[in-house]
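Colleague: Below you'll find the structure I mean.
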Amino acid sequence: MPWTEANNKLTRTFKFNDFIEAFAFMTKVAFIAEKMNHHPTWTNTWNTVIIELSTHDDGNIVTDRDHKLAEAIDKLV
């Protein structure tokens, strides 16, 4: 499922085989987000991770920073 842009957020749902795979993915995303100093809003339930991106410093809208983080996340899957 690709990223969708709605309500001033980029959103994507990621499905994995199990919780361990989902959590490992989140750990990899965390390192990228920290390096970029741009942190997602996300949820995790068992094998599913939902990520929402918006730039809080610019009024909670989607900016180039969000698209760059989305691209980096996509390279993980």
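Quick note on naming: the chains in the structure tokens go A, B, ... in the order shown, residues restart at 1 in each chain, and ligands are numbered from 1 in order of appearance.
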Residues near range 34-48 of chain A, anyone? I mean within 9 Å using only C-alpha atoms, not counting same-chain ones fewer than 5 positions away, as a list in words.

Modeller: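 After dropping sequence-adjacent residues, the list is Thr13, Phe14, Lys15, Phe16, Asn17, Asp18, Phe19, Ile20, Glu21, Ala22, Phe23, Met26, Val29, Leu53, Ser54, Thr55, Arg65, Asp66 and Leu69 of chain A.
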
Colleague: List every residue of chain A that DSSP, applied to the backbone, labels as strand (DSSP E or B), and write the result as a ChimeraX atom specification.

Modeller: /A:4-6,9-15,41-45,48-53,55,61

Colleague: For those residues, write C-alpha atoms to a file as a compact mmCIF listing (two decimals), in the first residue's frame.

Modeller:
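The resulting file, selection00.txt, is shown below:
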# COMPACT_ATOMS: atom_id res chain seq x y z
CA THR A 4 -1.55 8.62 0.95
CA GLU A 5 -1.83 12.33 1.64
CA ALA A 6 -4.95 13.51 3.44
CA LYS A 9 -0.58 13.94 6.84
CA LEU A 10 1.28 11.36 4.80
CA THR A 11 0.06 7.96 5.94
CA ARG A 12 1.04 4.42 5.17
CA THR A 13 0.19 1.04 6.67
CA PHE A 14 2.86 -1.66 6.76
CA LYS A 15 2.05 -5.36 7.34
CA THR A 41 3.51 9.53 14.68
CA TRP A 42 2.91 5.79 14.61
CA THR A 43 1.02 2.86 16.03
CA ASN A 44 1.82 -0.80 16.20
CA THR A 45 -0.61 -3.65 16.75
CA THR A 48 0.79 -3.87 11.60
CA VAL A 49 2.57 -0.52 11.76
CA ILE A 50 0.75 2.67 10.75
CA ILE A 51 2.93 5.72 10.19
CA GLU A 52 1.73 9.31 9.87
CA LEU A 53 4.10 12.07 8.83
CA THR A 55 5.98 18.67 9.99
CA ILE A 61 1.38 20.15 7.35

Colleague: Ranking A:Met1, A:Lys68, A:His56, A:Leu76 by minimum distance to Thr27 in chain A and counting only C-alpha atoms, which one comes first?

Modeller: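 Ranking A:Met1, A:Lys68, A:His56, A:Leu76 by distance to Thr27 in chain A, first place goes to A:Leu76.
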
Colleague: Please give the complete set of residues from chain A that DSSP, run on the backbone, assigns to helix (DSSP H, G or I), formatted as a short mmCIF file (atom, residue, chain, number, x, y, z; two decimals) with C-alpha atoms, in the first residue's frame.

Modeller:
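Writing done, so here's out-v9.cif:
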data_model
loop_
_atom_site.label_atom_id
_atom_site.label_comp_id
_atom_site.auth_asym_id
_atom_site.auth_seq_id
_atom_site.Cartn_x
_atom_site.Cartn_y
_atom_site.Cartn_z
CA PHE A 19 5.23 -8.72 15.87
CA ILE A 20 8.99 -9.27 15.82
CA GLU A 21 9.25 -8.22 12.16
CA ALA A 22 7.05 -5.19 12.79
CA PHE A 23 9.10 -4.14 15.80
CA ALA A 24 12.38 -4.62 13.94
CA PHE A 25 11.05 -2.36 11.18
CA MET A 26 10.07 0.28 13.74
CA THR A 27 13.56 0.14 15.22
CA LYS A 28 15.11 0.76 11.80
CA VAL A 29 12.70 3.66 11.19
CA ALA A 30 13.58 5.11 14.59
CA PHE A 31 17.27 5.31 13.70
CA ILE A 32 16.50 7.03 10.38
CA ALA A 33 14.03 9.44 11.98
CA GLU A 34 16.50 10.36 14.71
CA LYS A 35 19.25 10.97 12.16
CA MET A 36 16.89 13.21 10.16
CA HIS A 56 5.05 20.00 13.41
CA ASP A 57 7.38 23.01 13.14
CA ASP A 58 5.52 24.19 10.03
CA ASP A 64 9.49 18.12 1.82
CA ARG A 65 10.88 16.74 5.11
CA ASP A 66 7.96 14.32 5.29
CA HIS A 67 8.41 13.16 1.73
CA LYS A 68 12.14 12.60 2.33
CA LEU A 69 11.46 10.55 5.45
CA ALA A 70 8.79 8.56 3.58
CA GLU A 71 11.29 7.80 0.82
CA ALA A 72 13.85 6.63 3.37
CA ILE A 73 11.25 4.43 5.08
CA ASP A 74 10.23 2.92 1.74
#
